[in-house]
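Undergrad: Here you go, model14.cif (mmCIF, C-alpha atoms):
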```cif
data_entry
loop_
_atom_site.label_atom_id
_atom_site.label_comp_id
_atom_site.auth_asym_id
_atom_site.auth_seq_id
_atom_site.Cartn_x
_atom_site.Cartn_y
_atom_site.Cartn_z
CA MET A 206 -11.92 5.58 40.16
CA GLY A 207 -11.97 5.67 36.34
CA LYS A 208 -13.59 2.94 34.33
CA SER A 209 -11.24 0.10 33.36
CA VAL A 210 -10.61 -0.22 29.63
CA ASP A 211 -10.00 -3.54 27.89
CA HIS A 212 -7.32 -2.39 25.44
CA ALA A 213 -7.28 -5.62 23.43
CA GLN A 214 -11.03 -5.37 22.96
CA ARG A 215 -10.75 -1.69 22.00
CA ARG A 216 -8.14 -2.47 19.34
CA GLU A 217 -10.37 -5.22 17.96
CA ILE A 218 -13.30 -2.79 17.76
CA PHE A 219 -11.18 -0.35 15.78
CA ALA A 220 -9.81 -3.11 13.54
CA ALA A 221 -13.32 -4.34 12.72
CA ALA A 222 -14.41 -0.77 12.01
CA ALA A 223 -11.43 -0.21 9.70
CA LEU A 224 -12.30 -3.42 7.87
CA ARG A 225 -15.90 -2.29 7.36
CA VAL A 226 -14.75 1.11 6.07
CA ILE A 227 -12.37 -0.45 3.53
CA MET A 228 -14.96 -2.96 2.33
CA ARG A 229 -17.48 -0.15 1.89
CA ASP A 230 -15.30 2.72 0.63
CA GLY A 231 -11.99 1.16 -0.42
CA ILE A 232 -8.52 2.16 0.79
CA ALA A 233 -9.16 5.76 -0.24
CA GLY A 234 -11.93 5.96 2.36
CA LEU A 235 -9.70 4.70 5.17
CA THR A 236 -9.16 7.74 7.39
CA VAL A 237 -8.73 8.10 11.12
CA ARG A 238 -11.86 10.22 11.31
CA GLU A 239 -14.01 7.75 9.32
CA VAL A 240 -12.82 4.71 11.28
CA ALA A 241 -13.40 6.45 14.61
CA LYS A 242 -16.90 7.41 13.48
CA GLU A 243 -17.61 3.86 12.32
CA ALA A 244 -16.43 2.47 15.66
CA GLY A 245 -18.43 5.00 17.67
CA PHE A 246 -15.41 6.67 19.30
CA THR A 247 -13.55 9.96 19.05
CA THR A 248 -10.51 10.36 16.81
CA GLY A 249 -8.48 10.93 19.98
CA ALA A 250 -9.46 7.50 21.29
CA LEU A 251 -8.40 5.87 18.03
CA THR A 252 -5.03 7.66 17.78
CA HIS A 253 -4.22 6.36 21.24
CA TYR A 254 -3.87 2.94 19.55
CA PHE A 255 -3.00 3.72 15.93
CA HIS A 256 -0.75 6.50 14.68
CA SER A 257 -0.97 6.07 10.92
CA LYS A 258 -3.16 4.87 8.07
CA ASP A 259 -0.77 1.98 7.46
CA GLN A 260 -1.18 0.75 11.03
CA LEU A 261 -4.94 0.77 10.55
CA LEU A 262 -4.56 -1.07 7.25
CA ILE A 263 -2.40 -3.76 8.86
CA GLU A 264 -4.85 -4.17 11.73
CA ALA A 265 -7.80 -4.42 9.32
CA SER A 266 -5.91 -7.05 7.34
CA GLU A 267 -5.14 -9.01 10.50
CA HIS A 268 -8.82 -8.92 11.44
CA SER A 269 -9.94 -10.10 7.99
CA ALA A 270 -7.28 -12.83 8.04
CA LEU A 271 -8.70 -14.16 11.30
CA LEU A 272 -12.18 -14.33 9.82
CA VAL A 273 -11.12 -15.95 6.55
CA ARG A 274 -8.62 -18.30 8.22
CA ALA A 275 -11.31 -19.76 10.48
CA ARG A 276 -13.54 -20.48 7.49
CA MET A 277 -10.68 -22.02 5.51
CA GLU A 278 -9.65 -24.23 8.41
CA ARG A 279 -13.19 -25.59 8.57
CA ALA A 280 -13.21 -26.13 4.79
CA GLU A 281 -9.86 -27.96 4.95
CA LYS A 282 -11.44 -30.73 7.00
CA THR A 283 -13.67 -31.72 4.06
CA ARG A 284 -13.09 -35.13 2.51
CA PRO A 285 -11.92 -35.93 -0.11
CA ALA A 286 -9.08 -33.42 -0.48
CA LEU A 287 -10.16 -32.21 -3.94
CA GLU A 288 -13.46 -31.08 -2.47
CA ALA A 289 -11.59 -29.33 0.33
CA ILE A 290 -9.53 -27.47 -2.29
CA ARG A 291 -12.72 -26.41 -4.07
CA LYS A 292 -14.18 -25.01 -0.86
CA VAL A 293 -10.99 -23.22 0.18
CA VAL A 294 -10.50 -21.60 -3.22
CA ALA A 295 -14.16 -20.55 -3.32
CA LEU A 296 -13.48 -18.57 -0.14
CA ALA A 297 -10.63 -16.74 -1.89
CA LEU A 298 -12.22 -15.98 -5.27
CA PRO A 299 -14.26 -12.75 -5.63
CA LEU A 300 -17.50 -14.68 -6.01
CA THR A 301 -19.55 -12.56 -3.59
CA ALA A 302 -19.82 -8.96 -2.43
CA GLU A 303 -18.10 -9.95 0.81
CA THR A 304 -15.08 -11.56 -0.84
CA ARG A 305 -14.80 -8.65 -3.28
CA GLY A 306 -14.59 -6.46 -0.18
CA TYR A 307 -11.66 -8.51 1.07
CA TRP A 308 -10.03 -8.07 -2.32
CA ARG A 309 -10.17 -4.30 -1.82
CA ILE A 310 -7.99 -4.74 1.23
CA TRP A 311 -5.56 -7.04 -0.56
CA VAL A 312 -5.11 -4.78 -3.59
CA GLY A 313 -4.59 -1.86 -1.22
CA TYR A 314 -1.94 -3.94 0.53
CA TRP A 315 -0.07 -4.46 -2.72
CA GLU A 316 0.05 -0.71 -3.33
CA ARG A 317 1.12 0.20 0.22
CA SER A 318 3.72 -2.58 0.43
CA SER A 319 5.80 -0.90 -2.29
CA TYR A 320 6.91 1.77 0.19
CA ASP A 321 6.09 0.46 3.68
CA ASP A 322 8.31 -2.33 5.02
CA GLU A 323 5.86 -3.44 7.72
CA VAL A 324 2.97 -3.76 5.26
CA SER A 325 5.28 -5.67 2.91
CA ARG A 326 6.33 -8.02 5.72
CA VAL A 327 2.74 -8.82 6.70
CA MET A 328 1.75 -9.33 3.05
CA GLN A 329 4.60 -11.82 2.60
CA LEU A 330 3.45 -13.75 5.66
CA ARG A 331 -0.08 -13.93 4.20
CA TYR A 332 1.24 -15.27 0.88
CA ASP A 333 3.43 -17.84 2.64
CA GLU A 334 0.42 -19.04 4.63
CA TRP A 335 -1.81 -19.17 1.52
CA ARG A 336 0.70 -21.09 -0.61
CA GLY A 337 1.41 -23.46 2.27
CA ARG A 338 -2.28 -24.15 2.80
CA LEU A 339 -2.81 -24.99 -0.87
CA ALA A 340 0.36 -27.10 -1.14
CA ALA A 341 -0.68 -29.16 1.90
CA LEU A 342 -4.14 -29.78 0.42
CA LEU A 343 -2.63 -30.75 -2.93
CA ALA A 344 -0.23 -33.15 -1.21
CA ARG A 345 -3.20 -34.71 0.55
CA ALA A 346 -5.07 -35.04 -2.73
CA GLN A 347 -1.99 -36.58 -4.35
CA ALA A 348 -1.74 -39.13 -1.54
CA GLU A 349 -5.40 -39.98 -2.18
CA GLY A 350 -4.60 -40.57 -5.86
CA ALA A 351 -6.62 -37.56 -7.05
CA VAL A 352 -3.61 -35.55 -8.28
CA ALA A 353 -1.14 -36.97 -10.79
CA PRO A 354 2.03 -38.28 -9.07
CA GLU A 355 4.33 -36.26 -11.36
CA VAL A 356 2.77 -32.94 -10.27
CA ASN A 357 5.01 -30.77 -8.09
CA VAL A 358 2.55 -29.62 -5.44
CA GLN A 359 4.57 -26.52 -4.52
CA GLN A 360 4.60 -25.33 -8.13
CA ALA A 361 0.92 -26.23 -8.53
CA ALA A 362 0.10 -24.16 -5.45
CA GLU A 363 2.04 -21.20 -6.86
CA SER A 364 0.17 -21.43 -10.15
CA LEU A 365 -3.16 -21.53 -8.32
CA VAL A 366 -2.21 -18.46 -6.28
CA ALA A 367 -1.38 -16.65 -9.52
CA LEU A 368 -4.71 -17.71 -11.06
CA VAL A 369 -6.71 -16.49 -8.06
CA ASP A 370 -4.76 -13.21 -7.97
CA GLY A 371 -5.35 -12.64 -11.67
CA ILE A 372 -9.09 -13.24 -11.37
CA GLY A 373 -9.32 -11.09 -8.24
CA VAL A 374 -7.57 -8.10 -9.79
CA GLN A 375 -9.58 -8.23 -13.01
CA VAL A 376 -12.88 -8.48 -11.17
CA LEU A 377 -12.04 -5.77 -8.66
CA LEU A 378 -10.71 -3.30 -11.23
CA GLY A 379 -13.47 -4.09 -13.69
CA VAL A 380 -11.06 -4.87 -16.54
CA GLY A 381 -12.41 -8.38 -16.95
CA ARG A 382 -16.07 -9.32 -16.84
CA ILE A 383 -15.49 -12.65 -15.14
CA SER A 384 -18.78 -13.92 -13.73
CA ALA A 385 -18.93 -16.28 -10.75
CA PRO A 386 -19.65 -19.31 -13.02
CA ARG A 387 -16.73 -18.32 -15.25
CA GLN A 388 -14.43 -18.03 -12.23
CA ARG A 389 -15.40 -21.51 -11.15
CA ALA A 390 -14.86 -22.84 -14.69
CA MET A 391 -11.35 -21.36 -14.80
CA PHE A 392 -10.53 -23.00 -11.49
CA ASP A 393 -12.02 -26.31 -12.69
CA LEU A 394 -9.72 -26.21 -15.72
CA TRP A 395 -6.69 -25.71 -13.45
CA LEU A 396 -7.88 -28.56 -11.22
CA GLU A 397 -8.33 -30.89 -14.18
CA THR A 398 -4.77 -30.11 -15.27
CA VAL A 399 -3.25 -31.12 -11.93
CA ARG A 400 -5.53 -34.13 -11.73
CA LEU A 401 -4.31 -35.40 -15.11
CA GLY A 402 -0.74 -34.09 -14.86
CA HIS A 403 -1.15 -32.28 -18.19
CA ALA A 404 -3.56 -29.94 -19.94
CA PRO A 405 -6.88 -31.57 -20.90
CA ALA A 406 -7.31 -32.70 -24.53
CA GLY A 407 -8.00 -29.81 -26.86
CA LEU A 408 -5.81 -27.36 -24.92
CA THR A 409 -2.42 -28.76 -25.86
#
```
Kindly transcribe the structure held in the file into structure tokens.

TA:
Amino acid sequence: MGKSVDHAQRREIFAAAALRVIMRDGIAGLTVREVAKEAGFTTGALTHYFHSKDQLLIEASEHSALLVRARMERAEKTRPALEAIRKVVALALPLTAETRGYWRIWVGYWERSSYDDEVSRVMQLRYDEWRGRLAALLARAQAEGAVAPEVNVQQAAESLVALVDGIGVQVLLGVGRISAPRQRAMFDLWLETVRLGHAPAGLT
């Protein structure tokens, strides 16, 4: 009798391997052959589960989302809420080699989503989750009196998403030399704005 195969575990192995390949070599390095090699299997074994580069990309994104989501959920429990926001955003900014690796996946997602409906659908779900997470934290901070009552938390969450995206793209593409301390300072300025309900003195 042949050996039983745990298909869910096999897919997870391939997803983790695809994630490592992207973080090391970027989207351009994501090939069936390279992922199979990274996972320690034949290309035939991999194509039994995935039939295209986009399927591998989606699976790698799902795997990274699981890892990041678990960390963010732990950070969300921090009190007070403003400190929770700091920790959650720090996990999203390209402050470390690991998070810059995740940004490689996300930027690749943007490019692929322009002509692949499934990639676009998954990307939209990720953005909805990210905005919702930030809006909930901001609402909590507002209830604690740490965010100005006139601030629209949904709009504030959208502006923070745009800020993080802008920093991430500039750092990843090398068009902006934004150091980790500078990234944190830019976020602090945004946070001070929502805390006060207006731009800090000297910026208006």

Undergrad: Which one is closest to Ala344 in chain A: A:Ile290, A:Leu296, A:Arg317, A:Gln375? Count only C-alpha atoms.

TA: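 Closest candidate: A:Ile290.
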
Undergrad: Counting only C-alpha atoms, I want the residues whose atoms come within 12 Å of (-9.4, -14.0, 6.2) in the file frame, returned as an mmCIF file with C-alpha atoms, keeping the file's coordinate frame.

TA:
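Output file result31.cif follows:
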```cif
data_model
loop_
_atom_site.group_PDB
_atom_site.id
_atom_site.type_symbol
_atom_site.label_atom_id
_atom_site.label_comp_id
_atom_site.auth_asym_id
_atom_site.auth_seq_id
_atom_site.Cartn_x
_atom_site.Cartn_y
_atom_site.Cartn_z
ATOM 1 C CA LEU A 224 -12.300 -3.420 7.870
ATOM 2 C CA ALA A 265 -7.800 -4.420 9.320
ATOM 3 C CA SER A 266 -5.910 -7.050 7.340
ATOM 4 C CA GLU A 267 -5.140 -9.010 10.500
ATOM 5 C CA HIS A 268 -8.820 -8.920 11.440
ATOM 6 C CA SER A 269 -9.940 -10.100 7.990
ATOM 7 C CA ALA A 270 -7.280 -12.830 8.040
ATOM 8 C CA LEU A 271 -8.700 -14.160 11.300
ATOM 9 C CA LEU A 272 -12.180 -14.330 9.820
ATOM 10 C CA VAL A 273 -11.120 -15.950 6.550
ATOM 11 C CA ARG A 274 -8.620 -18.300 8.220
ATOM 12 C CA ALA A 275 -11.310 -19.760 10.480
ATOM 13 C CA ARG A 276 -13.540 -20.480 7.490
ATOM 14 C CA MET A 277 -10.680 -22.020 5.510
ATOM 15 C CA GLU A 278 -9.650 -24.230 8.410
ATOM 16 C CA VAL A 293 -10.990 -23.220 0.180
ATOM 17 C CA LEU A 296 -13.480 -18.570 -0.140
ATOM 18 C CA ALA A 297 -10.630 -16.740 -1.890
ATOM 19 C CA LEU A 298 -12.220 -15.980 -5.270
ATOM 20 C CA GLU A 303 -18.100 -9.950 0.810
ATOM 21 C CA THR A 304 -15.080 -11.560 -0.840
ATOM 22 C CA GLY A 306 -14.590 -6.460 -0.180
ATOM 23 C CA TYR A 307 -11.660 -8.510 1.070
ATOM 24 C CA TRP A 308 -10.030 -8.070 -2.320
ATOM 25 C CA ILE A 310 -7.990 -4.740 1.230
ATOM 26 C CA TRP A 311 -5.560 -7.040 -0.560
ATOM 27 C CA ARG A 331 -0.080 -13.930 4.200
ATOM 28 C CA TYR A 332 1.240 -15.270 0.880
ATOM 29 C CA GLU A 334 0.420 -19.040 4.630
ATOM 30 C CA TRP A 335 -1.810 -19.170 1.520
#
```

Undergrad: When distances are computed from all atoms listed in the file, which of A:Leu377, A:Leu262, A:Leu251, A:Leu343 shows the smallest separation from Ala286 in chain A?

TA: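 Between A:Leu377, A:Leu262, A:Leu251, A:Leu343, the residue approaching Ala286 in chain A most closely is A:Leu343.
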
Undergrad: From the list A:Gly231, A:Gly402, A:Gly245, A:Pro299, which residue is nearest Ala361 in chain A when using all atoms listed in the file?

TA: A:Gly402

Undergrad: Go through A:Val226, A:Val237, A:Ala346, A:Ile383 one by one, measure the shortest atom-to-atom distance of each to Leu396 in chain A using all atoms listed in the file, and give the residue with the smallest value.

TA: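 The closest residue to Leu396 in chain A is A:Ala346.
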
Undergrad: Could you check which of A:Val366, A:Glu397, A:Ala341, A:Arg216 is closest to His253 in chain A, using all atoms listed in the file?

TA: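 Selected residue with least distance to His253 in chain A: A:Arg216.
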
Undergrad: Rounded to one decimal, what separation in Å do you get between CA of Asp370 in chain A and CA of Gly234 in chain A?

TA: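 Taking CA of Asp370 in chain A as the start and CA of Gly234 in chain A as the end point, the length is 22.9 Å.
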
Undergrad: Counting only C-alpha atoms, what is within 9 Å of Met328 in chain A, bar same-chain residues fewer than 5 positions away, as a list in words?

TA: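 So the residues in contact are Trp311, Tyr314, Trp315, Ser318, Glu323 and Asp333 of chain A.
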
Undergrad: Residues near Arg336 in chain A, anyone? I mean within 8 Å using only C-alpha atoms, not counting same-chain ones fewer than 6 positions away, as a PyMOL selection string.

TA: chain A and resi 359+362-363+366

Undergrad: For the provided coordinates, the residues matched by the PyMOL selection byres ((chain A and resi 403) around 12) should be stated as a count of residues only.

TA: 22

Undergrad: Taking only C-alpha atoms into account, which of A:Arg345, A:Arg238, A:His212, A:Arg338 comes nearest Arg284 in chain A?

TA: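 Ranked by minimum distance to Arg284 in chain A, first place goes to A:Arg345.
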
Undergrad: Got a sec to resolve the PyMOL selection byres ((chain A and resi 241) around 10) on this structure and send the residues as a list of chain:residue names?

TA: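 Given this file, the PyMOL selection byres ((chain A and resi 241) around 10) evaluates to A:Ile218, A:Phe219, A:Ala222, A:Ala223, A:Thr236, A:Val237, A:Arg238, A:Glu239, A:Val240, A:Lys242, A:Glu243, A:Ala244, A:Gly245, A:Phe246, A:Thr247, A:Thr248, A:Gly249, A:Ala250, A:Leu251, A:Thr252.
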
Undergrad: Could you please determine the separation between CA of Ala348 in chain A and CA of Ala390 in chain A in Å, to one decimal place?

TA: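 If I compute the distance from CA of Ala348 in chain A to CA of Ala390 in chain A, I get 24.7 Å.
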
Undergrad: For a test of reading the model, state the distance in Å between CA of Met228 in chain A and CA of Lys292 in chain A, rounded to one decimal.

TA: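 Separation between CA of Met228 in chain A and CA of Lys292 in chain A: 22.3 Å.
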
Undergrad: I would like the residues chosen by the PyMOL selection byres ((chain A and resi 259) around 8) on the shown file; could you give them as a list in words?

TA: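 On the file shown, the PyMOL selection byres ((chain A and resi 259) around 8) covers Ser257, Lys258, Gln260, Leu261, Leu262, Ile263, Arg317, Asp321 and Val324 of chain A.
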